[in-house]
Amino acid sequence: MRISVLSLFPDLIRQFVGSSITGRAQQAGLFALETIQIRDYAVNRYGKVDDYCFGGGVGMLMMAEPVWQAWRAACQNDLPPGGKRRSIYLSPRGKILNQAKAAELSQIDHLILICGHYEGVDQRVLDEIADEELSIGDYVLTGGELAACVVIDALLRLVPGVLPDAEAYNRESHMSGVLEYPQYTRPAKWHGRKVPDVLLSGHQANIGRWQQLAALKETLRRRPDLFQKQQMTAEEWLELLDLSDSL
Ligand SMILES: C[S@@+](CC[C@H](N)C(=O)[O-])C[C@H]1O[C@@H](n2cnc3c(N)ncnc32)[C@H](O)[C@@H]1O
């Protein structure tokens with residue numbers, strides 16, 4: 001997988017992606033990161049990449065030409081035969097990122113992420129190059145760099161080999177539409193709070209059932225909107241109600 005990020009602050013992206021788990025995956029060659037400095041394609045020798053908005057308004061807008069040229073540079077890379085390329089503009093107007101979208105993007109051979117700054121980017125170049133727009137939430141950031149890092153982090157976790165074991169992410173929140181069950185580590189008693197007995201029992205079937213029900217209970221408590229989408233059998237309902245005191 002190849003990820004190209006078009007940005008006015010590429011160091012932010014390189015620093016973030018080069019750290020921790022994503023950094024190790026990068027060193028292991030599980031994906032390649034390329035950052036493209038949009039200012040390298042400025043329209044004059046003073047590095048101009050932005051201008052005033054037609055029609056007035058406060059703030060500057062990134063010009064179409066530097067973004068277009070930076071995108072063309074990213075497209076120079078060869079795709080494997082039948083490979084998929086996707087260009088995404090990070091934007092508060094975009095569809096909100098979720099786990100299903102991260103999984104979809106983890107299958108793309110060449111992902112191009114376009115980070116805006118200032119008031120955003122001239123619409124004409126977006127219409128020409130962006131396949132879609134993605135937001136990381138209903139709030140406005142100063143630039144697309146943080147959003148690009150969030151997208152990259154979320155999708156890389158799902159690329160085979162990035163985490164040591166697929167189990168590590170298959171049980172996580174949102175993978176199967178529910179939140180993760182509570183987890184505990186040693187000591188078994190801390191500040192008078194005990195780890196649930198079943199987790200110390202060594203009985204794998206009971207532990208699995210407890211985790212499944214605890215995940216449903218957490219989802220019901222914290223995200224009733226997600227819980228409503230669960231298809232639960234009558235038996236599961238009874239079990240959940242029966243066990244709810246011990247969870
Ligand atoms: C200050 S914002 C521009 C906001 C734009 N004027 C608007 O109201 O929609 C600058 C850049 O930050 C990025 N950005 C801001 N909020 C974002 C969000 N919630 N998700 C993804 N990218 C965001 C976009 O790339 C955007 O071009």
# chains A, B, ... in the order shown; residues from 1 in each chain; ligands from 1
call {"tool": "residues_near_ligand", "arguments": {"ligand": "ligand 1", "cutoff": "9 Å", "atoms": "only C-alpha atoms and all ligand atoms", "output": "PyMOL selection string"}}
result
chain A and resi 59+61-62+89-97+114-121+133-148
call {"tool": "write_last_selection", "arguments": {"atoms": "N, CA, C and O atoms", "output": "tab-separated table (two decimals), in the first residue's frame"}}
result
chain	number	residue	atom	x	y	z
A	59	GLY	N	-10.32	35.75	5.14
A	59	GLY	CA	-9.39	34.64	4.99
A	59	GLY	C	-9.02	34.33	3.56
A	59	GLY	O	-9.61	34.84	2.61
A	61	LEU	N	-7.78	31.44	0.47
A	61	LEU	CA	-8.15	30.12	-0.04
A	61	LEU	C	-6.96	29.52	-0.78
A	61	LEU	O	-6.25	30.24	-1.49
A	62	MET	N	-6.75	28.23	-0.65
A	62	MET	CA	-5.65	27.60	-1.39
A	62	MET	C	-6.01	27.58	-2.87
A	62	MET	O	-7.13	27.21	-3.25
A	89	TYR	N	-10.17	14.35	-0.16
A	89	TYR	CA	-9.95	15.67	0.44
A	89	TYR	C	-10.50	15.64	1.86
A	89	TYR	O	-11.67	15.29	2.07
A	90	LEU	N	-9.65	15.97	2.83
A	90	LEU	CA	-10.09	16.03	4.23
A	90	LEU	C	-10.85	17.33	4.41
A	90	LEU	O	-10.32	18.40	4.09
A	91	SER	N	-12.08	17.22	4.91
A	91	SER	CA	-12.92	18.41	4.96
A	91	SER	C	-14.02	18.26	6.00
A	91	SER	O	-14.61	17.18	6.12
A	92	PRO	N	-14.33	19.36	6.73
A	92	PRO	CA	-15.44	19.25	7.69
A	92	PRO	C	-16.79	19.07	6.99
A	92	PRO	O	-17.79	18.77	7.64
A	93	ARG	N	-16.82	19.24	5.65
A	93	ARG	CA	-18.07	19.02	4.92
A	93	ARG	C	-18.23	17.58	4.48
A	93	ARG	O	-19.24	17.20	3.88
A	94	GLY	N	-17.16	16.77	4.70
A	94	GLY	CA	-17.17	15.40	4.18
A	94	GLY	C	-18.02	14.45	5.00
A	94	GLY	O	-18.57	14.81	6.04
A	95	LYS	N	-18.11	13.23	4.50
A	95	LYS	CA	-18.79	12.16	5.23
A	95	LYS	C	-17.93	11.81	6.44
A	95	LYS	O	-16.70	11.78	6.32
A	96	ILE	N	-18.53	11.52	7.56
A	96	ILE	CA	-17.73	11.29	8.77
A	96	ILE	C	-17.09	9.90	8.76
A	96	ILE	O	-17.76	8.90	8.45
A	97	LEU	N	-15.80	9.89	9.04
A	97	LEU	CA	-15.03	8.64	9.07
A	97	LEU	C	-15.61	7.68	10.11
A	97	LEU	O	-15.94	8.09	11.21
A	114	ILE	N	-5.54	14.77	0.64
A	114	ILE	CA	-5.30	16.19	0.34
A	114	ILE	C	-5.70	17.02	1.56
A	114	ILE	O	-6.86	17.00	1.99
A	115	CYS	N	-4.72	17.72	2.13
A	115	CYS	CA	-4.98	18.52	3.33
A	115	CYS	C	-5.17	19.98	2.95
A	115	CYS	O	-4.27	20.59	2.35
A	116	GLY	N	-6.29	20.54	3.34
A	116	GLY	CA	-6.51	21.96	3.12
A	116	GLY	C	-5.94	22.78	4.27
A	116	GLY	O	-5.54	22.24	5.30
A	117	HIS	N	-5.90	24.07	4.08
A	117	HIS	CA	-5.49	24.99	5.13
A	117	HIS	C	-6.24	26.30	4.90
A	117	HIS	O	-6.94	26.45	3.92
A	118	TYR	N	-6.04	27.27	5.77
A	118	TYR	CA	-6.73	28.57	5.65
A	118	TYR	C	-8.25	28.33	5.56
A	118	TYR	O	-8.78	27.56	6.32
A	119	GLU	N	-8.90	28.91	4.55
A	119	GLU	CA	-10.35	28.73	4.41
A	119	GLU	C	-10.71	27.48	3.62
A	119	GLU	O	-11.87	27.17	3.40
A	120	GLY	N	-9.69	26.75	3.17
A	120	GLY	CA	-9.95	25.55	2.38
A	120	GLY	C	-9.29	25.65	1.01
A	120	GLY	O	-8.26	26.32	0.86
A	121	VAL	N	-9.89	24.98	0.02
A	121	VAL	CA	-9.27	24.83	-1.29
A	121	VAL	C	-10.27	25.25	-2.37
A	121	VAL	O	-11.48	24.98	-2.24
A	133	GLU	N	-14.88	13.29	-0.08
A	133	GLU	CA	-14.43	14.14	1.02
A	133	GLU	C	-14.71	13.42	2.33
A	133	GLU	O	-15.77	12.81	2.48
A	134	LEU	N	-13.75	13.48	3.22
A	134	LEU	CA	-13.91	12.80	4.51
A	134	LEU	C	-13.69	13.79	5.65
A	134	LEU	O	-12.75	14.58	5.61
A	135	SER	N	-14.55	13.69	6.66
A	135	SER	CA	-14.42	14.52	7.86
A	135	SER	C	-14.09	13.59	9.03
A	135	SER	O	-14.48	12.42	9.03
A	136	ILE	N	-13.40	14.12	10.05
A	136	ILE	CA	-13.19	13.29	11.24
A	136	ILE	C	-14.14	13.70	12.36
A	136	ILE	O	-14.04	13.18	13.47
A	137	GLY	N	-15.05	14.60	12.10
A	137	GLY	CA	-16.04	14.96	13.12
A	137	GLY	C	-16.62	16.33	12.85
A	137	GLY	O	-16.08	17.09	12.04
A	138	ASP	N	-17.70	16.62	13.52
A	138	ASP	CA	-18.40	17.89	13.30
A	138	ASP	C	-17.78	19.03	14.08
A	138	ASP	O	-18.37	19.54	15.05
A	139	TYR	N	-16.59	19.39	13.70
A	139	TYR	CA	-15.89	20.54	14.26
A	139	TYR	C	-14.88	20.98	13.22
A	139	TYR	O	-14.60	20.23	12.28
A	140	VAL	N	-14.33	22.18	13.36
A	140	VAL	CA	-13.43	22.69	12.33
A	140	VAL	C	-12.00	22.77	12.87
A	140	VAL	O	-11.75	23.38	13.90
A	141	LEU	N	-11.09	22.13	12.15
A	141	LEU	CA	-9.67	22.17	12.49
A	141	LEU	C	-8.98	23.24	11.66
A	141	LEU	O	-9.53	23.71	10.66
A	142	THR	N	-7.76	23.57	12.06
A	142	THR	CA	-7.01	24.59	11.33
A	142	THR	C	-6.55	24.08	9.97
A	142	THR	O	-6.46	24.81	9.00
A	143	GLY	N	-6.22	22.79	9.93
A	143	GLY	CA	-5.75	22.21	8.67
A	143	GLY	C	-6.11	20.74	8.59
A	143	GLY	O	-6.52	20.14	9.58
A	144	GLY	N	-5.91	20.15	7.43
A	144	GLY	CA	-6.30	18.75	7.22
A	144	GLY	C	-5.28	17.74	7.76
A	144	GLY	O	-5.53	16.53	7.70
A	145	GLU	N	-4.14	18.23	8.29
A	145	GLU	CA	-3.06	17.29	8.67
A	145	GLU	C	-3.48	16.34	9.80
A	145	GLU	O	-3.23	15.13	9.71
A	146	LEU	N	-4.09	16.89	10.85
A	146	LEU	CA	-4.52	16.01	11.96
A	146	LEU	C	-5.52	14.99	11.44
A	146	LEU	O	-5.47	13.81	11.80
A	147	ALA	N	-6.43	15.45	10.59
A	147	ALA	CA	-7.46	14.55	10.05
A	147	ALA	C	-6.80	13.45	9.20
A	147	ALA	O	-7.17	12.28	9.29
A	148	ALA	N	-5.79	13.83	8.40
A	148	ALA	CA	-5.10	12.83	7.58
A	148	ALA	C	-4.44	11.78	8.48
A	148	ALA	O	-4.49	10.58	8.20
call {"tool": "closest_residue", "arguments": {"among": "A:Cys149, A:Leu113, A:Leu199, A:Ala28", "to": "Leu6 of chain A", "atoms": "only C-alpha atoms"}}
result
A:Leu113
call {"tool": "select_by_dssp", "arguments": {"residues": "segment 18-103 of chain A", "states": "helix (DSSP H, G or I)", "output": "ChimeraX atom specification"}}
result
/A:20-27,38-41,64-74,99-103
call {"tool": "select_by_dssp", "arguments": {"residues": "segment 179-242 of chain A", "states": "strand (DSSP E or B)", "output": "VMD selection string"}}
result
chain A and resid 189 to 190 193 to 194
call {"tool": "atom_distance", "arguments": {"atom1": "atom CA of Phe54 of chain A", "atom2": "atom CA of Ala74 of chain A"}}
result
28.5 Å
call {"tool": "residues_around", "arguments": {"residues": "Gln27 of chain A", "least_positions_apart": "6", "cutoff": "12 Å", "atoms": "only C-alpha atoms", "output": "ChimeraX atom specification"}}
result
/A:17-21,33,162
call {"tool": "write_last_selection", "arguments": {"atoms": "all heavy atoms", "output": "PDB file, in the first residue's frame"}}
result
ATOM      1  N   VAL A  17       3.205   9.591  11.638  1.00  0.00           N
ATOM      2  CA  VAL A  17       3.141   8.240  11.060  1.00  0.00           C
ATOM      3  C   VAL A  17       4.424   7.457  11.364  1.00  0.00           C
ATOM      4  O   VAL A  17       4.402   6.237  11.511  1.00  0.00           O
ATOM      5  CB  VAL A  17       2.860   8.309   9.536  1.00  0.00           C
ATOM      6  CG1 VAL A  17       2.832   6.929   8.911  1.00  0.00           C
ATOM      7  CG2 VAL A  17       1.542   9.022   9.284  1.00  0.00           C
ATOM      8  N   GLY A  18       5.541   8.182  11.502  1.00  0.00           N
ATOM      9  CA  GLY A  18       6.824   7.512  11.763  1.00  0.00           C
ATOM     10  C   GLY A  18       6.976   7.045  13.206  1.00  0.00           C
ATOM     11  O   GLY A  18       8.004   6.467  13.558  1.00  0.00           O
ATOM     12  N   SER A  19       5.980   7.271  14.053  1.00  0.00           N
ATOM     13  CA  SER A  19       6.089   6.889  15.476  1.00  0.00           C
ATOM     14  C   SER A  19       5.307   5.618  15.769  1.00  0.00           C
ATOM     15  O   SER A  19       4.384   5.258  15.037  1.00  0.00           O
ATOM     16  CB  SER A  19       5.514   7.993  16.371  1.00  0.00           C
ATOM     17  OG  SER A  19       6.034   9.232  16.004  1.00  0.00           O
ATOM     18  N   SER A  20       5.700   4.976  16.860  1.00  0.00           N
ATOM     19  CA  SER A  20       4.931   3.867  17.440  1.00  0.00           C
ATOM     20  C   SER A  20       4.622   2.752  16.428  1.00  0.00           C
ATOM     21  O   SER A  20       5.466   2.399  15.605  1.00  0.00           O
ATOM     22  CB  SER A  20       3.645   4.451  18.048  1.00  0.00           C
ATOM     23  OG  SER A  20       2.887   3.468  18.676  1.00  0.00           O
ATOM     24  N   ILE A  21       3.404   2.229  16.472  1.00  0.00           N
ATOM     25  CA  ILE A  21       3.042   1.039  15.681  1.00  0.00           C
ATOM     26  C   ILE A  21       3.098   1.341  14.188  1.00  0.00           C
ATOM     27  O   ILE A  21       3.612   0.546  13.397  1.00  0.00           O
ATOM     28  CB  ILE A  21       1.627   0.560  16.095  1.00  0.00           C
ATOM     29  CG1 ILE A  21       1.695   0.001  17.518  1.00  0.00           C
ATOM     30  CG2 ILE A  21       1.087  -0.483  15.126  1.00  0.00           C
ATOM     31  CD1 ILE A  21       0.368  -0.416  18.105  1.00  0.00           C
ATOM     32  N   LEU A  33       4.965   5.657   2.772  1.00  0.00           N
ATOM     33  CA  LEU A  33       4.381   6.993   2.950  1.00  0.00           C
ATOM     34  C   LEU A  33       5.184   7.995   2.130  1.00  0.00           C
ATOM     35  O   LEU A  33       6.414   8.000   2.166  1.00  0.00           O
ATOM     36  CB  LEU A  33       4.437   7.399   4.427  1.00  0.00           C
ATOM     37  CG  LEU A  33       4.001   8.837   4.711  1.00  0.00           C
ATOM     38  CD1 LEU A  33       2.481   8.969   4.600  1.00  0.00           C
ATOM     39  CD2 LEU A  33       4.442   9.276   6.106  1.00  0.00           C
ATOM     40  N   VAL A 162       0.251  -5.190  10.363  1.00  0.00           N
ATOM     41  CA  VAL A 162       0.557  -3.971  11.135  1.00  0.00           C
ATOM     42  C   VAL A 162       0.396  -4.264  12.641  1.00  0.00           C
ATOM     43  O   VAL A 162       1.257  -3.925  13.445  1.00  0.00           O
ATOM     44  CB  VAL A 162      -0.318  -2.782  10.690  1.00  0.00           C
ATOM     45  CG1 VAL A 162      -0.178  -1.610  11.643  1.00  0.00           C
ATOM     46  CG2 VAL A 162       0.069  -2.362   9.269  1.00  0.00           C
TER      47      VAL A 162
END
call {"tool": "residues_around", "arguments": {"residues": "Arg171 of chain A", "least_positions_apart": "5", "cutoff": "10 Å", "atoms": "only C-alpha atoms", "output": "PyMOL selection string"}}
result
chain A and resi 166+176+178-181+211-212+215
